[in-house]
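Source file: run-v7.csv (CSV, C-alpha atoms)
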```csv
chain,number,residue,atom,x,y,z
A,1,MET,CA,244.1,91.4,253.3
A,2,ALA,CA,243.8,95.1,252.6
A,3,THR,CA,240.3,95.2,254.1
A,4,VAL,CA,241.4,93.5,257.3
A,5,ASN,CA,244.3,96.0,257.6
A,6,MET,CA,242.0,98.9,256.9
A,7,ASP,CA,239.5,97.7,259.5
A,8,ARG,CA,242.3,97.5,262.1
A,9,LEU,CA,243.5,101.0,261.2
A,10,LEU,CA,240.0,102.4,261.6
A,11,HIS,CA,239.5,100.7,264.9
A,12,ALA,CA,242.9,101.9,266.1
A,13,CYS,CA,241.9,105.5,265.3
A,14,VAL,CA,238.6,105.3,267.1
A,15,SER,CA,240.0,103.4,270.2
A,16,GLN,CA,243.0,105.7,270.6
A,17,GLY,CA,241.1,108.9,270.3
A,18,GLY,CA,242.6,109.9,266.9
A,19,SER,CA,241.2,112.5,264.6
A,20,ASP,CA,242.9,111.5,261.4
A,21,ILE,CA,244.7,108.6,259.7
A,22,HIS,CA,247.6,109.3,257.3
A,23,LEU,CA,248.6,106.6,254.8
A,24,THR,CA,251.5,107.3,252.4
A,25,THR,CA,254.1,105.2,250.6
A,26,GLY,CA,257.4,104.9,252.5
A,27,ARG,CA,256.0,105.4,256.0
A,28,SER,CA,254.0,103.3,258.4
A,29,PRO,CA,250.4,104.4,259.1
A,30,VAL,CA,250.2,107.6,261.2
A,31,LEU,CA,247.4,108.7,263.6
A,32,ARG,CA,246.8,112.4,264.5
A,33,ILE,CA,246.0,112.4,268.3
A,34,ASP,CA,245.3,115.7,270.1
A,35,GLY,CA,246.9,117.6,267.3
A,36,GLY,CA,250.2,115.6,267.2
A,37,LEU,CA,251.3,112.8,264.8
A,38,ARG,CA,251.9,109.3,266.1
A,39,SER,CA,253.3,106.4,264.0
A,40,LEU,CA,251.7,103.0,264.4
A,41,GLU,CA,254.0,100.0,264.9
A,42,THR,CA,253.2,98.3,261.6
A,43,LYS,CA,255.1,97.7,258.4
A,44,VAL,CA,256.2,100.6,256.2
A,45,LEU,CA,253.6,100.9,253.4
A,46,GLU,CA,254.7,100.0,249.8
A,47,PRO,CA,253.0,101.4,246.7
A,48,ASP,CA,250.9,98.2,246.4
A,49,ASP,CA,249.8,98.6,250.0
A,50,THR,CA,248.4,102.1,249.6
A,51,ALA,CA,246.7,101.1,246.3
A,52,ALA,CA,245.1,98.1,248.0
A,53,LEU,CA,244.0,100.1,251.0
A,54,MET,CA,242.5,102.7,248.7
A,55,ARG,CA,240.6,100.2,246.7
A,56,SER,CA,239.2,98.6,249.9
A,57,ILE,CA,237.1,101.7,250.8
A,58,THR,CA,236.8,103.8,247.6
A,59,PRO,CA,233.6,103.7,245.5
A,60,ASP,CA,234.0,103.0,241.8
A,61,ARG,CA,232.9,106.6,240.9
A,62,ASN,CA,235.6,108.0,243.1
A,63,GLN,CA,238.3,105.7,241.7
A,64,GLN,CA,237.3,107.0,238.3
A,65,GLU,CA,237.6,110.6,239.5
A,66,LEU,CA,241.0,109.7,241.0
A,67,GLN,CA,242.2,108.4,237.6
A,68,GLU,CA,241.0,111.5,235.7
A,69,GLU,CA,241.7,114.3,238.2
A,70,GLY,CA,244.5,112.9,240.4
A,71,GLY,CA,242.4,113.2,243.6
A,72,THR,CA,239.0,112.5,245.1
A,73,ASP,CA,237.0,113.0,248.3
A,74,PHE,CA,234.2,110.9,249.8
A,75,GLY,CA,232.8,109.7,253.1
A,76,PHE,CA,231.8,106.3,254.6
A,77,ALA,CA,230.4,104.9,257.8
A,78,PHE,CA,232.4,102.7,260.1
A,79,GLY,CA,229.6,100.7,261.7
A,80,ASP,CA,228.1,102.7,264.5
A,81,GLN,CA,231.5,104.0,265.7
A,82,GLY,CA,231.6,107.0,263.4
A,83,ARG,CA,232.0,108.2,259.8
A,84,PHE,CA,235.3,108.9,258.0
A,85,ARG,CA,235.8,111.7,255.5
A,86,VAL,CA,238.5,110.5,253.0
A,87,SER,CA,240.8,112.4,250.7
A,88,VAL,CA,242.8,110.3,248.2
A,89,PHE,CA,245.5,111.9,246.1
A,90,ARG,CA,248.6,111.2,244.0
A,91,GLN,CA,252.1,112.2,245.2
A,92,LYS,CA,255.3,111.2,243.4
A,93,GLY,CA,253.3,108.9,241.2
A,94,ASN,CA,252.0,106.9,244.2
A,95,LEU,CA,248.8,107.1,246.2
A,96,ALA,CA,248.2,108.7,249.6
A,97,LEU,CA,245.1,108.8,251.8
A,98,VAL,CA,244.0,111.0,254.7
A,99,LEU,CA,240.9,109.8,256.7
A,100,ARG,CA,239.3,112.2,259.1
A,101,LEU,CA,237.1,110.7,261.8
A,102,ILE,CA,233.7,112.3,262.2
A,103,PRO,CA,232.3,111.0,265.6
A,104,SER,CA,228.8,109.6,265.5
A,105,LYS,CA,227.7,111.5,268.6
A,106,ILE,CA,226.8,115.2,268.0
A,107,MET,CA,227.9,117.3,271.0
A,108,THR,CA,225.8,119.9,272.8
A,109,PHE,CA,226.4,123.6,273.1
A,110,GLU,CA,227.7,123.1,276.7
A,111,GLU,CA,230.0,120.2,275.7
A,112,ILE,CA,231.9,122.2,273.1
A,113,GLY,CA,231.7,125.5,275.1
A,114,LEU,CA,229.9,127.6,272.5
A,115,PRO,CA,228.8,131.1,273.6
A,116,LYS,CA,225.2,130.9,274.9
A,117,ILE,CA,224.0,133.6,272.5
A,118,CYS,CA,224.5,131.1,269.6
A,119,GLN,CA,221.3,129.4,270.7
A,120,ALA,CA,219.4,132.7,270.4
A,121,LEU,CA,220.9,133.3,266.9
A,122,CYS,CA,219.8,129.8,265.8
A,123,ARG,CA,216.2,131.0,266.3
A,124,ARG,CA,216.6,133.8,263.8
A,125,PRO,CA,214.4,133.4,260.7
A,126,ARG,CA,217.0,134.8,258.3
A,127,GLY,CA,220.6,135.9,258.1
A,128,LEU,CA,224.1,134.6,257.4
A,129,PHE,CA,226.1,132.9,260.3
A,130,LEU,CA,229.7,132.1,259.5
A,131,VAL,CA,232.0,129.6,261.3
A,132,THR,CA,235.6,130.2,260.5
A,133,GLY,CA,239.1,128.9,261.3
A,134,PRO,CA,241.9,126.8,259.8
A,135,THR,CA,241.5,123.2,258.7
A,136,GLY,CA,241.0,120.8,261.6
A,137,CYS,CA,239.8,123.4,264.1
A,138,GLY,CA,236.3,121.8,264.6
A,139,LYS,CA,234.2,124.0,262.3
A,140,THR,CA,232.2,120.9,261.1
A,141,THR,CA,231.5,119.9,264.7
A,142,THR,CA,230.3,123.4,265.7
A,143,LEU,CA,228.0,123.5,262.7
A,144,ALA,CA,226.6,120.0,263.4
A,145,THR,CA,225.8,121.1,267.0
A,146,MET,CA,223.9,124.2,265.8
A,147,ILE,CA,222.0,122.2,263.1
A,148,ASP,CA,221.1,119.5,265.7
A,149,TYR,CA,219.8,122.2,268.1
A,150,ILE,CA,217.5,123.6,265.4
A,151,ASN,CA,216.5,120.0,264.4
A,152,GLU,CA,215.5,119.1,268.0
A,153,ASN,CA,213.7,122.4,268.9
A,154,PHE,CA,212.1,123.9,265.8
A,155,ASP,CA,209.9,122.7,262.9
A,156,ARG,CA,212.2,123.8,260.0
A,157,HIS,CA,213.1,122.4,256.6
A,158,ILE,CA,217.0,122.1,256.8
A,159,ILE,CA,219.0,121.5,253.6
A,160,THR,CA,222.8,120.9,253.9
A,161,ILE,CA,225.2,121.0,251.0
A,162,GLU,CA,228.5,119.3,251.8
A,163,GLU,CA,231.5,117.7,250.1
A,164,PRO,CA,231.2,115.0,251.4
A,165,ILE,CA,228.4,114.7,254.0
A,166,GLU,CA,230.1,114.4,257.4
A,167,TYR,CA,227.7,114.3,260.3
A,168,TYR,CA,224.4,112.5,259.4
A,169,HIS,CA,221.3,114.1,260.9
A,170,ASN,CA,218.1,112.2,261.5
A,171,HIS,CA,214.7,113.9,261.1
A,172,LYS,CA,213.6,115.1,264.5
A,173,LYS,CA,211.2,118.1,264.9
A,174,SER,CA,212.7,119.4,261.6
A,175,ILE,CA,213.1,117.7,258.2
A,176,VAL,CA,216.7,117.4,257.2
A,177,ASN,CA,217.8,116.8,253.6
A,178,GLN,CA,221.5,116.4,253.0
A,179,ARG,CA,223.0,116.8,249.6
A,180,SER,CA,226.5,115.5,248.8
A,181,VAL,CA,228.4,117.5,246.1
A,182,GLY,CA,229.7,115.0,243.6
A,183,SER,CA,227.0,112.3,244.0
A,184,ASP,CA,223.8,114.2,244.7
A,185,VAL,CA,224.6,117.4,242.8
A,186,PRO,CA,227.6,118.4,240.6
A,187,SER,CA,228.8,121.5,242.5
A,188,PHE,CA,228.1,123.9,245.3
A,189,GLY,CA,227.0,126.6,242.8
A,190,GLU,CA,224.5,124.3,241.2
A,191,ALA,CA,223.1,123.2,244.6
A,192,LEU,CA,222.7,126.8,245.7
A,193,ARG,CA,221.0,127.8,242.4
A,194,ARG,CA,218.3,125.1,243.0
A,195,VAL,CA,218.0,125.2,246.8
A,196,LEU,CA,215.6,128.1,246.9
A,197,ARG,CA,213.0,126.1,245.0
A,198,MET,CA,213.0,123.4,247.7
A,199,ASP,CA,211.1,125.5,250.3
A,200,PRO,CA,214.1,125.6,252.8
A,201,ASP,CA,214.1,127.4,256.1
A,202,VAL,CA,217.7,126.7,257.0
A,203,ILE,CA,220.6,126.1,254.6
A,204,LEU,CA,224.1,124.8,255.5
A,205,VAL,CA,226.8,125.4,252.9
A,206,GLY,CA,229.9,123.3,253.5
A,207,GLU,CA,232.3,126.0,252.4
A,208,LEU,CA,232.2,129.5,250.8
A,209,ARG,CA,235.1,129.0,248.4
A,210,ASP,CA,234.4,131.2,245.3
A,211,LEU,CA,232.5,134.3,244.1
A,212,GLU,CA,229.5,132.3,242.9
A,213,THR,CA,229.0,130.4,246.2
A,214,ILE,CA,229.4,133.6,248.3
A,215,GLU,CA,226.9,135.5,246.1
A,216,SER,CA,224.4,132.6,246.3
A,217,ALA,CA,224.7,132.3,250.1
A,218,VAL,CA,224.2,136.0,250.7
A,219,ARG,CA,221.2,136.0,248.3
A,220,ALA,CA,219.7,133.1,250.2
A,221,ALA,CA,220.1,135.0,253.5
A,222,GLU,CA,218.7,138.1,251.8
A,223,THR,CA,215.5,136.3,250.6
A,224,GLY,CA,214.5,135.1,254.1
A,225,HIS,CA,216.6,132.0,255.0
A,226,LEU,CA,219.0,131.2,257.8
A,227,VAL,CA,222.3,130.3,256.2
A,228,PHE,CA,225.2,128.6,257.9
A,229,ALA,CA,228.6,128.4,256.1
A,230,THR,CA,232.3,128.0,256.8
A,231,VAL,CA,235.3,130.1,255.6
A,232,HIS,CA,239.0,129.4,256.1
A,233,THR,CA,239.9,132.6,257.9
A,234,THR,CA,241.2,133.2,261.4
A,235,SER,CA,239.3,136.3,262.7
A,236,ALA,CA,236.0,138.0,262.4
A,237,ALA,CA,237.3,141.1,260.7
A,238,GLY,CA,239.5,139.1,258.4
A,239,THR,CA,236.5,137.0,257.3
A,240,ILE,CA,234.6,140.1,256.1
A,241,THR,CA,237.7,141.4,254.3
A,242,ARG,CA,238.2,138.0,252.6
A,243,LEU,CA,234.6,137.8,251.4
A,244,ILE,CA,234.6,141.3,250.0
A,245,ASP,CA,238.0,140.9,248.3
A,246,VAL,CA,236.7,137.9,246.3
A,247,PHE,CA,234.5,140.3,244.3
A,248,PRO,CA,235.7,142.6,241.5
A,249,VAL,CA,236.3,146.2,242.7
A,250,ASN,CA,233.2,147.5,241.0
A,251,GLN,CA,231.0,145.1,243.0
A,252,GLN,CA,232.7,145.5,246.4
A,253,GLU,CA,230.5,148.4,247.6
A,254,GLN,CA,227.4,146.3,246.8
A,255,ILE,CA,228.6,143.2,248.7
A,256,ARG,CA,229.5,145.4,251.7
A,257,ILE,CA,225.9,146.7,251.8
A,258,GLN,CA,224.5,143.2,251.4
A,259,LEU,CA,226.8,141.8,254.2
A,260,SER,CA,226.0,144.7,256.5
A,261,GLY,CA,222.3,143.9,256.2
A,262,ASN,CA,222.4,140.1,256.2
A,263,LEU,CA,225.5,138.9,258.3
A,264,ILE,CA,224.3,138.1,261.8
A,265,ALA,CA,227.5,136.6,263.4
A,266,VAL,CA,231.0,135.3,262.8
A,267,LEU,CA,232.5,132.6,265.1
A,268,SER,CA,236.2,132.0,264.6
A,269,GLN,CA,237.8,129.1,266.4
A,270,ALA,CA,241.1,127.4,267.2
A,271,LEU,CA,241.6,123.9,268.8
A,272,CYS,CA,244.2,123.7,271.5
A,273,PRO,CA,245.6,120.6,273.3
A,274,LEU,CA,244.8,120.5,277.0
A,275,ALA,CA,247.8,121.2,279.2
A,276,LYS,CA,247.3,118.5,281.8
A,277,SER,CA,245.2,115.8,280.2
A,278,LYS,CA,244.4,114.2,276.9
A,279,GLY,CA,241.9,115.9,274.6
A,280,ARG,CA,241.6,119.4,273.1
A,281,ILE,CA,239.6,122.5,273.9
A,282,ALA,CA,238.3,125.2,271.5
A,283,ALA,CA,239.1,128.9,271.8
A,284,TYR,CA,236.6,131.2,270.2
A,285,GLU,CA,236.4,134.7,268.7
A,286,PHE,CA,232.8,135.7,268.5
A,287,MET,CA,231.3,138.7,266.7
A,288,VAL,CA,227.6,139.5,266.7
A,289,VAL,CA,226.6,142.1,264.0
A,290,THR,CA,225.2,145.0,265.9
A,291,PRO,CA,224.1,148.3,264.1
A,292,ALA,CA,227.5,149.8,264.9
A,293,ILE,CA,229.4,146.8,263.3
A,294,ALA,CA,227.0,146.8,260.3
A,295,ASN,CA,228.0,150.5,259.8
A,296,LEU,CA,231.7,149.6,259.9
A,297,ILE,CA,231.2,146.9,257.3
A,298,ARG,CA,229.1,149.2,255.0
A,299,GLU,CA,231.7,152.1,255.4
A,300,ASN,CA,234.7,149.8,254.8
A,301,LYS,CA,236.1,150.3,258.3
A,302,THR,CA,236.7,146.6,259.2
A,303,TYR,CA,239.9,147.6,261.0
A,304,ARG,CA,237.7,149.0,263.8
A,305,ILE,CA,235.7,145.8,264.3
A,306,ASP,CA,238.1,144.4,266.9
A,307,SER,CA,237.4,147.5,269.1
A,308,SER,CA,233.7,147.0,268.7
A,309,ILE,CA,234.0,143.3,269.7
A,310,GLN,CA,235.9,144.3,272.9
A,311,THR,CA,233.0,146.7,273.9
A,312,GLY,CA,230.3,144.1,273.1
A,313,LYS,CA,231.0,141.7,276.0
A,314,LYS,CA,227.4,141.9,277.2
A,315,LEU,CA,226.3,140.2,273.9
A,316,GLY,CA,228.9,137.4,274.4
A,317,MET,CA,231.4,138.9,272.0
A,318,GLN,CA,235.1,138.3,272.6
A,319,LEU,CA,238.4,138.3,270.7
A,320,LEU,CA,240.3,135.1,270.2
A,321,ASP,CA,243.3,136.3,272.3
A,322,GLU,CA,241.0,137.1,275.2
A,323,HIS,CA,239.7,133.6,275.3
A,324,LEU,CA,243.2,132.1,274.8
A,325,TRP,CA,244.4,134.2,277.8
A,326,ARG,CA,241.5,132.9,280.0
A,327,LEU,CA,242.3,129.3,279.1
A,328,TYR,CA,246.0,129.8,279.9
A,329,ASP,CA,245.3,131.8,283.1
A,330,VAL,CA,243.3,128.8,284.6
A,331,GLY,CA,245.9,126.3,283.4
A,332,LYS,CA,243.9,124.6,280.7
A,333,ILE,CA,246.4,125.3,277.9
A,334,THR,CA,250.2,125.9,278.0
A,335,LEU,CA,252.0,129.2,277.5
A,336,GLU,CA,253.5,127.9,274.3
A,337,GLU,CA,250.1,127.0,272.9
A,338,MET,CA,248.6,130.4,273.7
A,339,LEU,CA,251.5,132.2,271.9
A,340,ASP,CA,251.2,129.8,268.9
A,341,LYS,CA,247.5,130.3,268.4
A,342,GLY,CA,247.3,134.0,269.4
A,343,ARG,CA,246.8,136.7,266.8
A,344,GLN,CA,249.0,139.1,268.8
A,345,PRO,CA,251.6,136.9,270.5
A,346,GLY,CA,253.7,139.9,271.5
A,347,ALA,CA,250.9,141.4,273.7
A,348,LEU,CA,250.1,138.0,275.2
A,349,GLN,CA,253.8,137.4,275.9
A,350,ASP,CA,253.9,140.8,277.8
A,351,LYS,CA,250.8,139.9,279.8
A,352,ALA,CA,252.2,136.5,280.6
A,353,THR,CA,255.6,138.0,281.8
A,354,LYS,CA,253.7,140.4,284.1
A,355,LYS,CA,251.7,137.5,285.5
A,356,ILE,CA,254.7,135.4,286.1
A,357,GLU,CA,256.7,138.2,287.8
A,358,SER,CA,253.7,138.9,290.1
A,359,LEU,CA,254.0,135.2,291.3
A,360,ARG,CA,257.6,135.5,292.2
A,361,GLY,CA,257.1,137.1,295.6
A,362,LYS,CA,254.3,134.7,296.7
A,363,HIS,CA,254.4,131.3,298.3
A,364,LYS,CA,257.5,129.2,297.7
A,365,HIS,CA,255.8,126.6,295.6
A,366,LYS,CA,254.2,129.3,293.5
A,367,LYS,CA,257.6,131.0,293.2
A,368,LYS,CA,259.0,127.7,291.7
A,369,ALA,CA,256.1,127.5,289.3
A,370,ALA,CA,256.7,131.1,288.2
A,371,GLN,CA,260.4,130.4,287.7
A,372,LYS,CA,259.6,127.4,285.6
A,373,GLU,CA,257.2,129.5,283.5
A,374,MET,CA,259.8,132.2,283.0
A,375,GLU,CA,262.3,129.6,281.8
A,376,ASP,CA,259.6,128.2,279.4
A,377,LEU,CA,258.9,131.7,278.1
A,378,GLY,CA,262.6,132.4,277.5
A,379,GLN,CA,263.0,129.1,275.6
A,380,ILE,CA,260.0,129.9,273.4
A,381,LEU,CA,261.4,133.4,272.6
A,382,ARG,CA,264.8,132.0,271.8
A,383,SER,CA,263.4,129.2,269.4
```

Could you take the file, read its structure, and then write that structure out as structure tokens?
Amino acid sequence: MATVNMDRLLHACVSQGGSDIHLTTGRSPVLRIDGGLRSLETKVLEPDDTAALMRSITPDRNQQELQEEGGTDFGFAFGDQGRFRVSVFRQKGNLALVLRLIPSKIMTFEEIGLPKICQALCRRPRGLFLVTGPTGCGKTTTLATMIDYINENFDRHIITIEEPIEYYHNHKKSIVNQRSVGSDVPSFGEALRRVLRMDPDVILVGELRDLETIESAVRAAETGHLVFATVHTTSAAGTITRLIDVFPVNQQEQIRIQLSGNLIAVLSQALCPLAKSKGRIAAYEFMVVTPAIANLIRENKTYRIDSSIQTGKKLGMQLLDEHLWRLYDVGKITLEEMLDKGRQPGALQDKATKKIESLRGKHKHKKKAAQKEMEDLGQILRS
């Protein structure tokens, strides 16, 4: 019975455009759709239900890890409709599961709106390219798009190190070998220690989460490989600060020098629900490491990086707030969403107020729209 129920849940997630399924005791199953949570009209899950649902999809090795560690992660294919990344954990003595849908189709640069210069950077023979942002912002999808572009257009040996493997890549013009931490290799550190013996051209590291992994990724870039990785930071300047702060004080000058010479770009992103239709759109902050920015990293002046991004528009650089404003200005996202996701909501709010006031004296229907936006802005500020 659990297998049937799980199949129905997986199908509901795919057919309704969900990104995640949440299963926890005392609540009916919940889908995350366009960033919001929506309960399914089924029975409230009992402890036995969550345990049976867990057993219906969890490999024996992961069930053993769950018993020993209190949690486990793995992935599985749902026919040809997509893959699911699963996190199982204990809470209040019961089980809970979160299943993230990884679509089977890898999107193109145009479909996800990546800056065009990303294609040129994917041609680089060496360097470190970081994709950053909070959980659920689409980092994995962005990386899959870039790896697929290399796979289709260049003869490279690509090795990915993931926990677990999310998007599956077929061999095209390149060779793609994908290693799953936990089943193919014990840890990210161990995988990175061995990867340089495997004649790679391109290396994807699922996450830079500790000093050993960061050191290994930078060393791989330094020794002539193109390295892609993710970090849970929300800005380009903040990413560099985070990486450096992981190191002991006596090593920070050395890592600044290494980053200034090997980092090629930082792409920070946020996912926003569309204002007038279903679906979400990504807003990007994009930094290309120019000689000027390399100097700022080396000299520990990361607080000046935002100014350099603003003057680097001809290279495709932009701050997150600039992109959020453009999306709001053309009506793709709401005022509230822009202020929620913006790094400097106060400045965005002032800009929005000026825009709204400028509409007041125009055509009557625009005046009404301006009045409505002013009311919305007031409500947001009061909440």

For this session: Within 12 Å of (228.2, 102.2, 263.2) (coordinates as in the file), grab all the protein and nucleic acid residues, counting only C-alpha atoms, and write them out as an MDAnalysis selection string.
Result: chainID A and resid 10:11 14 76:84 102:105 168

**Report entry** For CA of Thr160 (chain A) and CA of Pro134 (chain A), the interatomic separation in Å (one decimal)
**Finding:**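 If I compute the distance from CA of Thr160 (chain A) to CA of Pro134 (chain A), I get 20.8 Å.
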
Please, what distance in Å, to one decimal, runs between CA of Ile117 (chain A) and CA of Leu335 (chain A)?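 CA of Leu335 (chain A) lies 28.8 Å from CA of Ile117 (chain A).
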
- Query: region 39-54 of chain A: which residues within 9 Å, counting all atoms listed in the file, same-chain residues fewer than 5 positions away excluded, as a list of chain:residue names?
  - Reply: A:Met1, A:Ala2, A:Thr3, A:Asn5, A:Met6, A:Leu23, A:Thr24, A:Thr25, A:Gly26, A:Arg27, A:Ser28, A:Pro29, A:Val30, A:Leu31, A:Arg32, A:Gln63, A:Val88, A:Asn94, A:Leu95, A:Ala96, A:Leu97

Could you give me, as number ranges by chain, the residues within 10 Å of region 314-326 of chain A, counting all atoms listed in the file and dropping anything in the same chain fewer than 4 positions from it?
-> A: 115-118, 234-236, 265-270, 272, 282-290, 306-310, 330-335, 337-339, 341-345, 347-348, 351-352

Could you write out the selected residues, including C-alpha atoms, as a PDB file, keeping the file's coordinate frame?
```
ATOM      1  CA  PRO A 115     228.800 131.100 273.600  1.00  0.00           C
ATOM      2  CA  LYS A 116     225.200 130.900 274.900  1.00  0.00           C
ATOM      3  CA  ILE A 117     224.000 133.600 272.500  1.00  0.00           C
ATOM      4  CA  CYS A 118     224.500 131.100 269.600  1.00  0.00           C
ATOM      5  CA  THR A 234     241.200 133.200 261.400  1.00  0.00           C
ATOM      6  CA  SER A 235     239.300 136.300 262.700  1.00  0.00           C
ATOM      7  CA  ALA A 236     236.000 138.000 262.400  1.00  0.00           C
ATOM      8  CA  ALA A 265     227.500 136.600 263.400  1.00  0.00           C
ATOM      9  CA  VAL A 266     231.000 135.300 262.800  1.00  0.00           C
ATOM     10  CA  LEU A 267     232.500 132.600 265.100  1.00  0.00           C
ATOM     11  CA  SER A 268     236.200 132.000 264.600  1.00  0.00           C
ATOM     12  CA  GLN A 269     237.800 129.100 266.400  1.00  0.00           C
ATOM     13  CA  ALA A 270     241.100 127.400 267.200  1.00  0.00           C
ATOM     14  CA  CYS A 272     244.200 123.700 271.500  1.00  0.00           C
ATOM     15  CA  ALA A 282     238.300 125.200 271.500  1.00  0.00           C
ATOM     16  CA  ALA A 283     239.100 128.900 271.800  1.00  0.00           C
ATOM     17  CA  TYR A 284     236.600 131.200 270.200  1.00  0.00           C
ATOM     18  CA  GLU A 285     236.400 134.700 268.700  1.00  0.00           C
ATOM     19  CA  PHE A 286     232.800 135.700 268.500  1.00  0.00           C
ATOM     20  CA  MET A 287     231.300 138.700 266.700  1.00  0.00           C
ATOM     21  CA  VAL A 288     227.600 139.500 266.700  1.00  0.00           C
ATOM     22  CA  VAL A 289     226.600 142.100 264.000  1.00  0.00           C
ATOM     23  CA  THR A 290     225.200 145.000 265.900  1.00  0.00           C
ATOM     24  CA  ASP A 306     238.100 144.400 266.900  1.00  0.00           C
ATOM     25  CA  SER A 307     237.400 147.500 269.100  1.00  0.00           C
ATOM     26  CA  SER A 308     233.700 147.000 268.700  1.00  0.00           C
ATOM     27  CA  ILE A 309     234.000 143.300 269.700  1.00  0.00           C
ATOM     28  CA  GLN A 310     235.900 144.300 272.900  1.00  0.00           C
ATOM     29  CA  VAL A 330     243.300 128.800 284.600  1.00  0.00           C
ATOM     30  CA  GLY A 331     245.900 126.300 283.400  1.00  0.00           C
ATOM     31  CA  LYS A 332     243.900 124.600 280.700  1.00  0.00           C
ATOM     32  CA  ILE A 333     246.400 125.300 277.900  1.00  0.00           C
ATOM     33  CA  THR A 334     250.200 125.900 278.000  1.00  0.00           C
ATOM     34  CA  LEU A 335     252.000 129.200 277.500  1.00  0.00           C
ATOM     35  CA  GLU A 337     250.100 127.000 272.900  1.00  0.00           C
ATOM     36  CA  MET A 338     248.600 130.400 273.700  1.00  0.00           C
ATOM     37  CA  LEU A 339     251.500 132.200 271.900  1.00  0.00           C
ATOM     38  CA  LYS A 341     247.500 130.300 268.400  1.00  0.00           C
ATOM     39  CA  GLY A 342     247.300 134.000 269.400  1.00  0.00           C
ATOM     40  CA  ARG A 343     246.800 136.700 266.800  1.00  0.00           C
ATOM     41  CA  GLN A 344     249.000 139.100 268.800  1.00  0.00           C
ATOM     42  CA  PRO A 345     251.600 136.900 270.500  1.00  0.00           C
ATOM     43  CA  ALA A 347     250.900 141.400 273.700  1.00  0.00           C
ATOM     44  CA  LEU A 348     250.100 138.000 275.200  1.00  0.00           C
ATOM     45  CA  LYS A 351     250.800 139.900 279.800  1.00  0.00           C
ATOM     46  CA  ALA A 352     252.200 136.500 280.600  1.00  0.00           C
TER      47      ALA A 352
END
```

Your completed region 266-270 of chain A with all heavy atoms, as a short mmCIF file (atom, residue, chain, number, x, y, z; two decimals), in the coordinates of the input:
```
data_model
loop_
_atom_site.label_atom_id
_atom_site.label_comp_id
_atom_site.auth_asym_id
_atom_site.auth_seq_id
_atom_site.Cartn_x
_atom_site.Cartn_y
_atom_site.Cartn_z
N VAL A 266 229.83 136.03 263.26
CA VAL A 266 231.00 135.30 262.80
C VAL A 266 231.64 134.65 264.06
O VAL A 266 231.93 135.34 265.04
CB VAL A 266 232.06 136.20 262.12
CG1 VAL A 266 233.28 135.37 261.72
CG2 VAL A 266 231.45 136.89 260.91
N LEU A 267 231.83 133.33 263.99
CA LEU A 267 232.50 132.60 265.10
C LEU A 267 233.76 132.00 264.54
O LEU A 267 233.74 131.13 263.68
CB LEU A 267 231.53 131.46 265.55
CG LEU A 267 232.02 130.57 266.69
CD1 LEU A 267 232.02 131.33 268.01
CD2 LEU A 267 231.16 129.32 266.82
N SER A 268 234.91 132.53 265.00
CA SER A 268 236.20 132.00 264.60
C SER A 268 236.76 131.14 265.71
O SER A 268 236.67 131.52 266.87
CB SER A 268 237.19 133.15 264.29
OG SER A 268 236.72 133.95 263.24
N GLN A 269 237.34 130.00 265.37
CA GLN A 269 237.80 129.10 266.40
C GLN A 269 239.15 128.51 266.17
O GLN A 269 239.60 128.44 265.02
CB GLN A 269 236.74 128.03 266.71
CG GLN A 269 236.40 127.14 265.54
CD GLN A 269 235.22 126.21 265.89
OE1 GLN A 269 234.08 126.65 266.04
NE2 GLN A 269 235.50 124.93 266.00
N ALA A 270 239.79 128.08 267.26
CA ALA A 270 241.10 127.40 267.20
C ALA A 270 241.01 126.23 268.21
O ALA A 270 240.41 126.38 269.27
CB ALA A 270 242.22 128.32 267.54
#
```
